[in-house]
Structure formats: structure tokens, C-alpha cells
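File shown: my_file-v1.csv. Contents: CSV, C-alpha atoms and all ligand atoms.
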chain,number,residue,atom,x,y,z
P,796,MET,CA,-113.1,-46.0,42.7
P,797,SER,CA,-113.5,-45.1,46.4
P,798,ASP,CA,-113.5,-41.9,48.2
P,799,GLU,CA,-110.5,-43.0,50.2
P,800,THR,CA,-108.0,-44.3,47.6
P,801,VAL,CA,-107.5,-44.3,43.9
P,802,GLY,CA,-106.0,-47.1,41.9
P,803,SER,CA,-102.8,-45.6,40.4
P,804,TRP,CA,-99.7,-46.6,38.5
P,805,VAL,CA,-96.9,-45.5,40.9
P,806,GLY,CA,-93.2,-44.9,40.2
P,807,LEU,CA,-91.4,-45.9,43.3
P,808,ASP,CA,-87.8,-45.5,41.9
P,809,ALA,CA,-86.0,-45.1,38.6
P,810,ALA,CA,-87.3,-48.5,37.5
P,811,GLY,CA,-90.6,-46.8,36.9
P,812,VAL,CA,-89.5,-46.0,33.4
P,813,THR,CA,-88.1,-49.4,32.6
P,814,GLY,CA,-91.2,-51.5,33.3
P,815,GLY,CA,-91.4,-51.1,37.1
P,816,LEU,CA,-94.6,-48.9,37.6
P,817,GLN,CA,-96.6,-50.6,40.4
P,818,PHE,CA,-100.4,-50.5,40.5
P,819,GLN,CA,-101.3,-49.3,44.1
P,820,GLN,CA,-104.0,-47.6,46.0
P,821,VAL,CA,-103.1,-43.9,46.5
P,822,THR,CA,-104.9,-41.3,48.7
P,823,PRO,CA,-106.2,-38.5,46.6
P,824,LYS,CA,-105.7,-34.8,47.6
P,825,ALA,CA,-107.9,-33.6,50.5
P,826,TRP,CA,-111.2,-32.4,49.1
P,827,ASP,CA,-111.9,-28.7,48.6
P,828,GLU,CA,-115.3,-27.2,47.9
P,829,ASP,CA,-114.3,-26.1,44.4
P,830,ASP,CA,-112.9,-29.5,43.5
P,831,VAL,CA,-114.1,-32.0,41.0
P,832,ASP,CA,-113.5,-35.8,40.8
P,833,VAL,CA,-112.8,-36.9,37.2
P,834,LYS,CA,-113.1,-40.6,36.2
P,835,ILE,CA,-110.0,-40.9,34.0
P,836,MET,CA,-110.7,-42.4,30.6
P,837,TYR,CA,-107.5,-41.3,28.8
P,838,CYS,CA,-104.1,-40.0,29.7
P,839,GLY,CA,-101.2,-39.1,27.3
P,840,ILE,CA,-97.6,-39.9,28.0
P,841,CYS,CA,-95.2,-36.9,27.7
P,842,ALA,CA,-91.4,-36.7,27.9
P,843,SER,CA,-91.7,-34.8,31.1
P,844,ASP,CA,-93.6,-37.7,32.8
P,845,TYR,CA,-90.7,-39.8,31.8
P,846,GLY,CA,-88.2,-37.2,33.2
P,847,VAL,CA,-90.1,-37.0,36.5
P,848,LEU,CA,-90.4,-40.7,36.9
P,849,LYS,CA,-86.7,-41.1,36.1
P,850,GLY,CA,-85.8,-38.5,38.7
P,851,GLU,CA,-84.3,-36.0,36.3
P,852,TYR,CA,-85.9,-32.9,37.8
P,853,ALA,CA,-86.1,-33.7,41.5
P,854,PRO,CA,-85.1,-36.5,43.9
P,855,LEU,CA,-87.2,-39.6,43.4
P,856,GLU,CA,-90.1,-40.3,45.7
P,857,PRO,CA,-93.3,-42.2,44.9
P,858,ARG,CA,-95.0,-40.4,42.1
P,859,VAL,CA,-98.0,-40.9,39.8
P,860,GLY,CA,-97.2,-39.5,36.3
P,861,GLY,CA,-99.6,-38.3,33.6
P,862,HIS,CA,-100.6,-34.7,32.8
P,863,GLU,CA,-102.7,-35.1,29.6
P,864,ILE,CA,-105.8,-36.3,31.4
P,865,VAL,CA,-109.3,-36.6,29.9
P,866,GLY,CA,-112.3,-38.0,31.6
P,867,GLU,CA,-115.8,-37.6,32.9
P,868,VAL,CA,-116.7,-35.4,35.9
P,869,VAL,CA,-118.3,-37.7,38.5
P,870,ARG,CA,-118.5,-35.3,41.5
P,871,VAL,CA,-118.6,-31.6,41.9
P,872,GLY,CA,-118.0,-29.5,45.0
P,873,PRO,CA,-120.6,-26.9,46.1
P,874,LYS,CA,-118.4,-24.0,44.9
P,875,VAL,CA,-118.0,-25.4,41.4
P,876,ALA,CA,-119.7,-23.1,38.8
P,877,ASN,CA,-118.1,-24.1,35.5
P,878,LEU,CA,-118.8,-27.9,35.4
P,879,LYS,CA,-121.4,-30.4,36.2
P,880,VAL,CA,-121.5,-34.2,36.7
P,881,GLY,CA,-121.3,-35.9,33.3
P,882,ASP,CA,-119.1,-33.2,31.6
P,883,MET,CA,-116.0,-34.5,29.7
P,884,VAL,CA,-113.0,-32.5,30.7
P,885,GLY,CA,-109.2,-32.3,30.2
P,886,VAL,CA,-106.5,-31.5,32.8
P,887,GLY,CA,-103.0,-30.5,31.8
P,888,TRP,CA,-99.7,-29.7,33.6
P,889,GLN,CA,-101.2,-27.2,36.1
P,890,CYS,CA,-103.6,-28.2,38.9
P,891,ASP,CA,-103.5,-25.1,41.1
P,892,ALA,CA,-102.0,-21.6,41.7
P,893,CYS,CA,-102.1,-19.0,44.4
P,894,ARG,CA,-105.3,-17.4,42.9
P,895,GLU,CA,-104.4,-14.1,44.5
P,896,CYS,CA,-101.5,-12.5,42.6
P,897,ASP,CA,-101.8,-10.2,39.6
P,898,LEU,CA,-100.9,-13.0,37.2
P,899,CYS,CA,-103.7,-15.2,38.6
P,900,LYS,CA,-106.2,-12.3,38.5
P,901,ASN,CA,-105.1,-11.7,34.9
P,902,LYS,CA,-105.6,-15.4,34.0
P,903,ASP,CA,-101.9,-15.8,33.4
P,904,ASP,CA,-101.8,-18.3,36.2
P,905,GLN,CA,-99.4,-20.6,34.4
P,906,TYR,CA,-96.8,-18.0,35.4
P,907,CYS,CA,-97.9,-17.7,39.1
P,908,ALA,CA,-95.0,-18.3,41.5
P,909,GLY,CA,-97.4,-20.4,43.5
P,910,ILE,CA,-98.2,-22.9,40.7
P,911,THR,CA,-98.9,-26.5,41.6
P,912,TRP,CA,-97.9,-28.9,38.8
P,913,THR,CA,-100.3,-31.8,38.2
P,914,LEU,CA,-97.8,-34.3,39.4
P,915,GLY,CA,-95.1,-34.4,41.9
P,916,LEU,CA,-95.4,-30.9,43.4
P,917,LYS,CA,-96.9,-29.9,46.8
P,918,TYR,CA,-100.1,-27.9,47.0
P,919,GLY,CA,-99.5,-24.4,48.3
P,920,ARG,CA,-103.0,-23.7,49.4
P,921,GLY,CA,-106.4,-25.4,50.3
P,922,ALA,CA,-107.1,-28.5,52.2
P,923,ALA,CA,-104.3,-30.4,50.6
P,924,LYS,CA,-101.6,-27.8,51.4
P,925,GLY,CA,-98.2,-29.4,51.8
P,926,THR,CA,-99.2,-32.7,50.2
P,927,MET,CA,-98.1,-34.1,46.9
P,928,SER,CA,-100.2,-33.8,43.7
P,929,HIS,CA,-100.8,-37.0,41.6
P,930,GLY,CA,-101.2,-37.3,37.9
P,931,GLY,CA,-103.4,-39.2,35.5
P,932,PHE,CA,-101.8,-42.7,35.3
P,933,ALA,CA,-104.7,-43.7,37.5
P,934,LYS,CA,-108.4,-44.3,37.7
P,935,MET,CA,-109.4,-40.9,39.0
P,936,TRP,CA,-108.2,-37.3,39.3
P,937,ARG,CA,-109.2,-34.9,41.9
P,938,GLY,CA,-108.5,-31.1,41.7
P,939,ALA,CA,-109.7,-27.6,41.3
P,940,SER,CA,-112.4,-27.1,38.8
P,941,ARG,CA,-110.6,-24.1,37.2
P,942,TYR,CA,-108.0,-26.5,35.8
P,943,ALA,CA,-110.5,-29.0,34.4
P,944,VAL,CA,-111.5,-27.6,31.0
P,945,LYS,CA,-114.7,-28.8,29.3
P,946,LEU,CA,-114.3,-30.6,25.9
P,947,PRO,CA,-116.5,-29.7,23.0
P,948,ALA,CA,-118.9,-32.5,22.2
P,949,SER,CA,-117.4,-33.0,18.7
P,950,LEU,CA,-113.9,-33.6,19.9
P,951,ASP,CA,-112.7,-37.2,20.1
P,952,PRO,CA,-111.6,-37.3,23.8
P,953,GLY,CA,-108.9,-39.9,23.2
P,954,ASN,CA,-107.3,-37.8,20.5
P,955,ALA,CA,-107.7,-34.6,22.5
P,956,ALA,CA,-105.6,-35.8,25.5
P,957,PRO,CA,-102.2,-34.7,24.0
P,958,LEU,CA,-103.7,-31.2,23.4
P,959,LEU,CA,-103.4,-30.7,27.1
P,960,CYS,CA,-99.6,-30.5,27.2
P,961,ALA,CA,-98.0,-31.0,23.8
P,962,GLY,CA,-100.8,-29.0,22.1
P,963,VAL,CA,-101.2,-26.1,24.4
P,964,THR,CA,-97.5,-25.7,25.0
P,965,VAL,CA,-97.1,-24.8,21.3
P,966,TYR,CA,-100.5,-23.2,20.9
P,967,SER,CA,-100.3,-20.7,23.7
P,968,PRO,CA,-97.2,-18.8,22.2
P,969,MET,CA,-98.6,-19.1,18.7
P,970,LYS,CA,-101.9,-17.4,19.9
P,971,THR,CA,-99.9,-14.8,22.0
P,972,TYR,CA,-97.6,-13.9,19.1
P,973,GLY,CA,-100.1,-14.0,16.2
P,974,ALA,CA,-99.4,-17.2,14.3
P,975,GLY,CA,-101.4,-17.0,11.1
P,976,THR,CA,-102.4,-13.3,11.6
P,977,THR,CA,-99.6,-10.8,12.4
P,978,ARG,CA,-97.0,-13.6,11.9
P,979,LYS,CA,-98.0,-15.7,8.9
P,980,ARG,CA,-94.8,-17.7,8.3
P,981,VAL,CA,-94.2,-20.2,11.2
P,982,GLY,CA,-91.2,-22.4,11.6
P,983,VAL,CA,-91.2,-25.5,13.9
P,984,ILE,CA,-87.9,-26.9,15.1
P,985,GLY,CA,-88.1,-30.6,15.9
P,986,ILE,CA,-90.8,-32.9,14.7
P,987,GLY,CA,-91.7,-35.0,17.7
P,988,GLY,CA,-94.6,-35.0,20.2
P,989,LEU,CA,-94.7,-31.2,20.5
P,990,GLY,CA,-93.4,-30.4,17.0
P,991,HIS,CA,-95.9,-32.5,15.2
P,992,ALA,CA,-98.7,-30.8,17.2
P,993,ALA,CA,-97.2,-27.4,16.3
P,994,VAL,CA,-97.3,-28.1,12.6
P,995,LEU,CA,-100.9,-29.3,12.7
P,996,ILE,CA,-102.0,-26.4,15.0
P,997,ALA,CA,-100.1,-23.7,13.1
P,998,LYS,CA,-101.7,-24.8,9.8
P,999,ALA,CA,-105.1,-24.7,11.4
P,1000,MET,CA,-104.4,-21.2,12.6
P,1001,GLY,CA,-103.8,-20.2,9.0
P,1002,ALA,CA,-100.0,-20.1,9.0
P,1003,GLN,CA,-97.6,-21.2,6.3
P,1004,VAL,CA,-95.5,-23.8,8.0
P,1005,THR,CA,-91.8,-24.7,7.7
P,1006,ALA,CA,-90.6,-27.8,9.5
P,1007,ILE,CA,-86.9,-27.9,10.5
P,1008,SER,CA,-85.5,-31.3,11.6
P,1009,ARG,CA,-82.4,-33.3,11.5
P,1010,GLY,CA,-81.8,-35.3,8.3
P,1011,GLU,CA,-84.6,-36.4,6.0
P,1012,ALA,CA,-86.3,-39.0,8.4
P,1013,LYS,CA,-89.2,-36.6,9.3
P,1014,LYS,CA,-89.7,-35.0,5.9
P,1015,ALA,CA,-92.6,-37.1,4.7
P,1016,ASP,CA,-94.4,-36.9,8.0
P,1017,ALA,CA,-93.8,-33.1,8.2
P,1018,LEU,CA,-95.3,-32.6,4.8
P,1019,ALA,CA,-98.2,-34.9,5.6
P,1020,LEU,CA,-98.9,-32.9,8.7
P,1021,GLY,CA,-99.2,-29.8,6.7
P,1022,ALA,CA,-95.8,-28.2,6.4
P,1023,THR,CA,-95.1,-26.6,3.0
P,1024,THR,CA,-91.3,-26.4,3.4
P,1025,TYR,CA,-88.9,-28.8,5.0
P,1026,ILE,CA,-85.4,-27.8,6.0
P,1027,SER,CA,-83.2,-30.8,6.7
P,1028,THR,CA,-80.4,-30.0,9.2
P,1029,GLY,CA,-77.0,-31.7,9.3
P,1030,LYS,CA,-73.6,-30.7,10.6
P,1031,ASP,CA,-73.6,-27.1,9.4
P,1032,LEU,CA,-76.7,-25.0,10.0
P,1033,LYS,CA,-75.3,-22.0,8.1
P,1034,GLU,CA,-75.1,-24.2,5.0
P,1035,ASP,CA,-78.5,-25.8,5.7
P,1036,PHE,CA,-80.2,-22.4,6.1
P,1037,LYS,CA,-78.8,-20.9,2.8
P,1038,GLY,CA,-81.7,-19.5,0.8
P,1039,HIS,CA,-84.0,-19.5,3.9
P,1040,GLU,CA,-82.6,-16.4,5.6
P,1041,ASN,CA,-85.3,-13.9,6.8
P,1042,SER,CA,-88.0,-16.3,5.7
P,1043,LEU,CA,-89.9,-16.8,9.0
P,1044,ASP,CA,-92.0,-14.6,11.3
P,1045,LEU,CA,-92.3,-17.0,14.3
P,1046,ILE,CA,-90.2,-20.0,15.2
P,1047,ILE,CA,-91.4,-22.6,17.8
P,1048,CYS,CA,-88.3,-24.4,19.1
P,1049,THR,CA,-89.4,-27.8,20.7
P,1050,ILE,CA,-86.0,-29.5,20.9
P,1051,ASN,CA,-83.8,-30.2,23.9
P,1052,PRO,CA,-80.2,-30.3,22.6
P,1053,ASP,CA,-77.3,-29.8,25.0
P,1054,VAL,CA,-76.5,-26.6,23.1
P,1055,LEU,CA,-78.9,-24.6,20.9
P,1056,PRO,CA,-77.1,-22.7,18.2
P,1057,VAL,CA,-79.6,-19.8,18.5
P,1058,ALA,CA,-77.5,-17.4,16.4
P,1059,ASP,CA,-77.9,-19.7,13.3
P,1060,TYR,CA,-81.6,-20.1,13.9
P,1061,LEU,CA,-82.0,-16.3,14.2
P,1062,SER,CA,-80.8,-16.0,10.6
P,1063,LEU,CA,-84.1,-17.6,9.6
P,1064,LEU,CA,-86.2,-14.8,11.2
P,1065,ALA,CA,-87.5,-11.9,9.2
P,1066,PRO,CA,-87.4,-8.5,11.0
P,1067,LYS,CA,-89.8,-8.4,14.0
P,1068,GLY,CA,-89.7,-12.2,14.1
P,1069,LEU,CA,-89.6,-14.2,17.3
P,1070,ILE,CA,-88.0,-17.5,18.4
P,1071,VAL,CA,-90.1,-19.1,21.2
P,1072,VAL,CA,-88.3,-21.6,23.2
P,1073,VAL,CA,-90.6,-24.3,24.8
P,1074,GLY,CA,-88.0,-27.1,25.1
P,1075,ILE,CA,-85.5,-26.9,28.0
P,1076,VAL,CA,-81.9,-26.4,26.9
P,1077,LEU,CA,-79.5,-26.6,29.8
P,1078,THR,CA,-76.6,-24.6,28.3
P,1079,PRO,CA,-77.3,-20.9,28.4
P,1080,LEU,CA,-78.1,-19.5,25.0
P,1081,ALA,CA,-75.5,-17.4,23.2
P,1082,VAL,CA,-77.7,-14.7,21.6
P,1083,PRO,CA,-76.0,-12.2,19.3
P,1084,THR,CA,-77.5,-8.7,19.9
P,1085,ILE,CA,-77.0,-7.2,16.4
P,1086,PRO,CA,-79.8,-9.2,14.6
P,1087,LEU,CA,-82.0,-8.5,17.6
P,1088,ILE,CA,-81.5,-4.8,17.5
P,1089,ILE,CA,-81.3,-4.2,13.7
P,1090,GLY,CA,-84.3,-6.4,13.0
P,1091,GLY,CA,-86.3,-5.9,16.2
P,1092,ARG,CA,-86.1,-9.7,16.6
P,1093,GLY,CA,-86.6,-11.5,19.9
P,1094,VAL,CA,-86.0,-14.8,21.7
P,1095,VAL,CA,-88.6,-15.6,24.3
P,1096,GLY,CA,-89.8,-18.5,26.4
P,1097,SER,CA,-93.3,-19.8,27.0
P,1098,ASN,CA,-94.7,-22.1,29.7
P,1099,ILE,CA,-97.6,-24.4,29.0
P,1100,GLY,CA,-100.9,-22.4,28.7
P,1101,SER,CA,-103.8,-21.1,30.8
P,1102,PRO,CA,-107.1,-22.9,31.1
P,1103,GLU,CA,-108.4,-20.3,28.7
P,1104,ASP,CA,-105.7,-21.2,26.2
P,1105,ILE,CA,-106.7,-24.9,26.5
P,1106,ALA,CA,-110.4,-24.0,25.9
P,1107,ASP,CA,-109.4,-22.0,22.9
P,1108,LEU,CA,-107.3,-24.8,21.5
P,1109,PHE,CA,-110.2,-27.3,22.1
P,1110,ALA,CA,-112.5,-25.0,20.1
P,1111,LEU,CA,-109.9,-24.7,17.3
P,1112,ALA,CA,-109.3,-28.4,17.2
P,1113,ALA,CA,-113.1,-29.1,17.0
P,1114,GLU,CA,-113.6,-26.4,14.3
P,1115,LYS,CA,-110.6,-27.3,12.1
P,1116,ASP,CA,-110.7,-31.1,12.9
P,1117,ILE,CA,-107.2,-31.2,14.2
P,1118,LYS,CA,-106.1,-34.8,14.6
P,1119,LEU,CA,-102.9,-35.5,16.5
P,1120,TRP,CA,-101.1,-38.6,15.5
P,1121,VAL,CA,-101.9,-40.8,18.5
P,1122,GLN,CA,-101.4,-44.5,19.3
P,1123,ARG,CA,-103.6,-45.9,22.0
P,1124,TRP,CA,-102.5,-48.3,24.7
P,1125,ASN,CA,-104.6,-50.0,27.3
P,1126,MET,CA,-103.4,-48.4,30.6
P,1127,ASP,CA,-103.0,-51.9,31.9
P,1128,ASP,CA,-100.0,-52.1,29.5
P,1129,ILE,CA,-98.5,-48.9,30.8
P,1130,ASN,CA,-95.1,-50.5,31.6
P,1131,LYS,CA,-94.7,-51.7,28.0
P,1132,ALA,CA,-95.8,-48.3,26.7
P,1133,MET,CA,-93.2,-46.5,28.9
P,1134,VAL,CA,-90.4,-48.7,27.7
P,1135,ASP,CA,-91.3,-48.1,24.0
P,1136,PHE,CA,-91.7,-44.4,24.8
P,1137,GLY,CA,-88.2,-44.3,26.2
P,1138,ASP,CA,-86.9,-46.1,23.1
P,1139,GLY,CA,-88.3,-43.1,21.0
P,1140,LYS,CA,-90.9,-45.2,19.3
P,1141,PRO,CA,-94.0,-42.8,19.5
P,1142,ASN,CA,-95.1,-41.6,16.2
P,1143,TYR,CA,-95.9,-39.1,17.6
P,1144,ARG,CA,-97.9,-39.5,20.8
P,1145,TYR,CA,-99.0,-42.3,23.1
P,1146,VAL,CA,-102.4,-42.2,24.9
P,1147,LEU,CA,-103.2,-44.7,27.7
P,1148,VAL,CA,-106.9,-45.8,27.8
P,1149,ASN,CA,-108.8,-46.9,30.9
P,1150,THR,CA,-111.3,-49.2,29.1
P,1151,ASP,CA,-112.9,-50.1,32.5
P,1152,ASN,CA,-113.8,-46.4,32.9
P,1153,GLY,CA,-115.3,-46.2,29.4
P,1154,GLY,CA,-112.3,-45.2,27.4
P,1155,LYS,CA,-112.3,-46.5,23.8
P,1156,MET,CA,-109.3,-48.2,22.1
P,1201,ZN,ZN,-100.9,-16.5,41.6
P,1202,ZN,ZN,-96.0,-32.7,29.0
Go ahead and express the file in the form of C-alpha cells.
Amino acid sequence: MSDETVGSWVGLDAAGVTGGLQFQQVTPKAWDEDDVDVKIMYCGICASDYGVLKGEYAPLEPRVGGHEIVGEVVRVGPKVANLKVGDMVGVGWQCDACRECDLCKNKDDQYCAGITWTLGLKYGRGAAKGTMSHGGFAKMWRGASRYAVKLPASLDPGNAAPLLCAGVTVYSPMKTYGAGTTRKRVGVIGIGGLGHAAVLIAKAMGAQVTAISRGEAKKADALALGATTYISTGKDLKEDFKGHENSLDLIICTINPDVLPVADYLSLLAPKGLIVVVGIVLTPLAVPTIPLIIGGRGVVGSNIGSPEDIADLFALAAEKDIKLWVQRWNMDDINKAMVDFGDGKPNYRYVLVNTDNGGKM
């Protein structure tokens, strides 16, 4: 690791997801006095890394993926108050915000219009203003200490990596909307990277969990993760949901279909229940108003989570011993891992390990 450049796996074009990531030296962001340098030991692979590197969200230019970063703080700026050298920290999808708007002041900075995503977005402030952020498929991460959250000592750092995106994306709305407290019965649509985390976390929050997935393929896993009910979906949701009407208080929808038949899913909600959408669905939702009005139901969205949400989730994971289902890959094998990821093989999350930085396989 040098002050000048960071060894990083760079996606230069769409071949980045088919085995073409190149190991290159990349210049880190310009240093700010509230920055930390983190020696990266682990980084999860998420579907949105895959999307960014494939050019699905924005025109392709050289990018370093990875936004489930865990490692050790090796340098702190003079204005860093929350961390010290030697701390283990995690960094998720967000690496900066404007820090001045009401949302930022209220610690809702994941909704700040001036958000900087951890990879592939330009910084809006500070010494690095106008330059591109780089993710965790690399040997080091540099960024604002607010977005590097300290891990509890009892949490396995390799297992914790996917909490930083998959985990907090489902945890933040469950915390906001009272999973396990005011809303006891939680449904999870889709059992994949996010959905499997949602089942584990909802159960740890004290909720009774119903998993909803296509066919029977995920049934055994869903029950092993802690769901008590499994609804298998097929061609006709109305038929599939018979007997389950009004049975859930909160539904976390993690899937990305072309069209989401939200009216059918609404039938599962009890009065005052909410569907939270965390997976992008490109076709606008057709939401019928009568079940919303008569039952006071709602359909809302949720975006990642704040650093406070991440800290709360770390604490919950440590206390309840939440173990995501993680397969570790040496980061040197990232190109093989990305190909398998694209083939839908994770069961349910891949974590890349920098063994030369002290990460454990
Ligand atoms: Zn802001
Ligand atoms: Zn992600």
C-alpha cells in the first residue's frame, strides 16, 4: 500500500463481469482531515456491483466495485473523533453527503440529495470534489470517518461484510417500521442475498417470519434461516395467497421483477400494514387505493441505511449471533467469483478476502 496509489480490481468495460477485471494501481481520493485509510481485509459482492460494472446504471468508465467493505483503520486524519488506528470498521454504499442539509443534520444522510455512493459517483465536497469514488475490490479504502462504522469485537469481520449493504438495506426499514415490536408478523419476498439476510435479521428482532418465493426451491433454506411459514408462488398469486390474506404487518420486498403485482401482495397485509420496496422495479407500480384507505395500508421505499443503522445492526448481529450465509473467495480469484455470481450461484453471499492484508479464509 502506498500513499500515492492503491492496488485495485478495475472494471474497464463490460468484460469486467465476465472475467475481465484488471488489477491496476488507482489513485485514492484526495485526503481530507476527517478521512481514514482502511486496510481492506474483506469485501462482499452485491448485485449492484455487478450492475455498475456491467454499465446498467450509467455509462461505463473505469470503476472499482465493492461496497461491503471491512478492514482495519491504518491512518486517521486530525479531525477524526470516532475512530483510531487499529479499529476494525465497515463501509457500505455511502461514503459522503453534503453534511449541511436538514436530512444530514438529522442523521438521515442516506436521503441527502448530495449523497456520494461508495463507487462510481463523484464527490460533491471536500478535497476530492469532482473526482470519482472507488469501492472495496482493492487493498485500501479512503474516506470520511463518519461512514466507517466500528465493528463490535465479537463480530466475525468476514461474516459481517454483507451486513453493510444486504443487511442494512433490509434492517433499516424493519427498525423504522417496528419489525418485532409494533409489527410482529414480517413477510420477506425473495430469498436471495437481501432476502436471506432479512429472514435472519427479522427473526433476531423478534418477528414471526413468512418467506415468499417462487416455487419450492428456497423452502428448506427459508425454514433453516428461521422463517416459520413459506409461501410458494407460481403462476397465480391470488391462488397462492389463499388462506394468507391479512396475515402480515410488514413486508420487505427484495425482488426485481419487470412488473411487481403489488395489488396481490397487498392482500397479504393486515390493516396498518406496510410493504417496503428495497429492490428496483422499473415498471411503475399499479397500487389500488381501496385497500390502502380502508386498511390504512401503505407502500413505501427505503434506501440503504445510515451509519447509525449500521452500528445498530452490528450490535444486534453481535448480541443475537446473526450469521449470514457467506462463501469466502480469495480476492485474487475475483474474476471467477464474479462469473459465478452472474450465474446466480451464491448461496447466499460472496465475500472476497485479502489474505495478504490479514483477512481469513
Ligand atoms: Zn445533506
Ligand atoms: Zn449492495
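In terms of minimum interatomic distance to ligand ZN 1202 (chain P), P:Tyr1145 ranks closest within P:Tyr1145, P:Ile1117, P:Arg937, P:Gly909, counting all atoms listed in the file.
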Using all atoms listed in the file, can you tell me which of P:Val833, P:Val865, P:Ala809, P:Ala842 comes closest to ligand ZN 1202 (chain P)?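 Checking each of P:Val833, P:Val865, P:Ala809, P:Ala842 against ligand ZN 1202 (chain P), counting all atoms listed in the file, the winner is P:Ala842.
Between atom CA of P:Leu1055 and atom CA of P:Gln889 there is a distance of 27.1 Å.
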Kindly indicate which residue among P:Ala961, P:Val831, P:Ala955, P:Val869 lies nearest to ligand ZN 1202 (chain P), using all atoms listed in the file for the distances.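 Once distances to ligand ZN 1202 (chain P) are computed over all atoms listed in the file, the minimum belongs to P:Ala961.
You can rank P:Ala948, P:Met935, P:Ile1050, P:Ala892 by their closest distance to P:Ser1101 using only C-alpha atoms, and at the top of that list sits P:Ala892.
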Taking into account all atoms listed in the file, which residue in the set P:Leu878, P:Met1000, P:Leu1077, P:Leu958 is nearest to P:Arg941?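 Nearest candidate to P:Arg941 out of P:Leu878, P:Met1000, P:Leu1077, P:Leu958: P:Leu878.
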Enter the distance from atom CA of P:Arg1092 to atom CA of P:Ile984, in Å, rounded to one decimal.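 Those two atoms sit 17.4 Å apart.
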Do you have, as a Markdown table, the list of residues of chain P lying at most 7 Å from ligand ZN 1202 (chain P), each with its nearest atom pair and that distance in Å to one decimal, counting all atoms listed in the file and ordered by chain then number?
| residue | atom | partner | partner_atom | distance |
| --- | --- | --- | --- | --- |
| P:Cys841 | CA | P:ZN1202 | ZN | 4.5 |
| P:Ala842 | CA | P:ZN1202 | ZN | 6.2 |
| P:Ser843 | CA | P:ZN1202 | ZN | 5.2 |
| P:Asp844 | CA | P:ZN1202 | ZN | 6.7 |
| P:His862 | CA | P:ZN1202 | ZN | 6.3 |
| P:Trp888 | CA | P:ZN1202 | ZN | 6.6 |
| P:Cys960 | CA | P:ZN1202 | ZN | 4.6 |
| P:Ala961 | CA | P:ZN1202 | ZN | 5.8 |
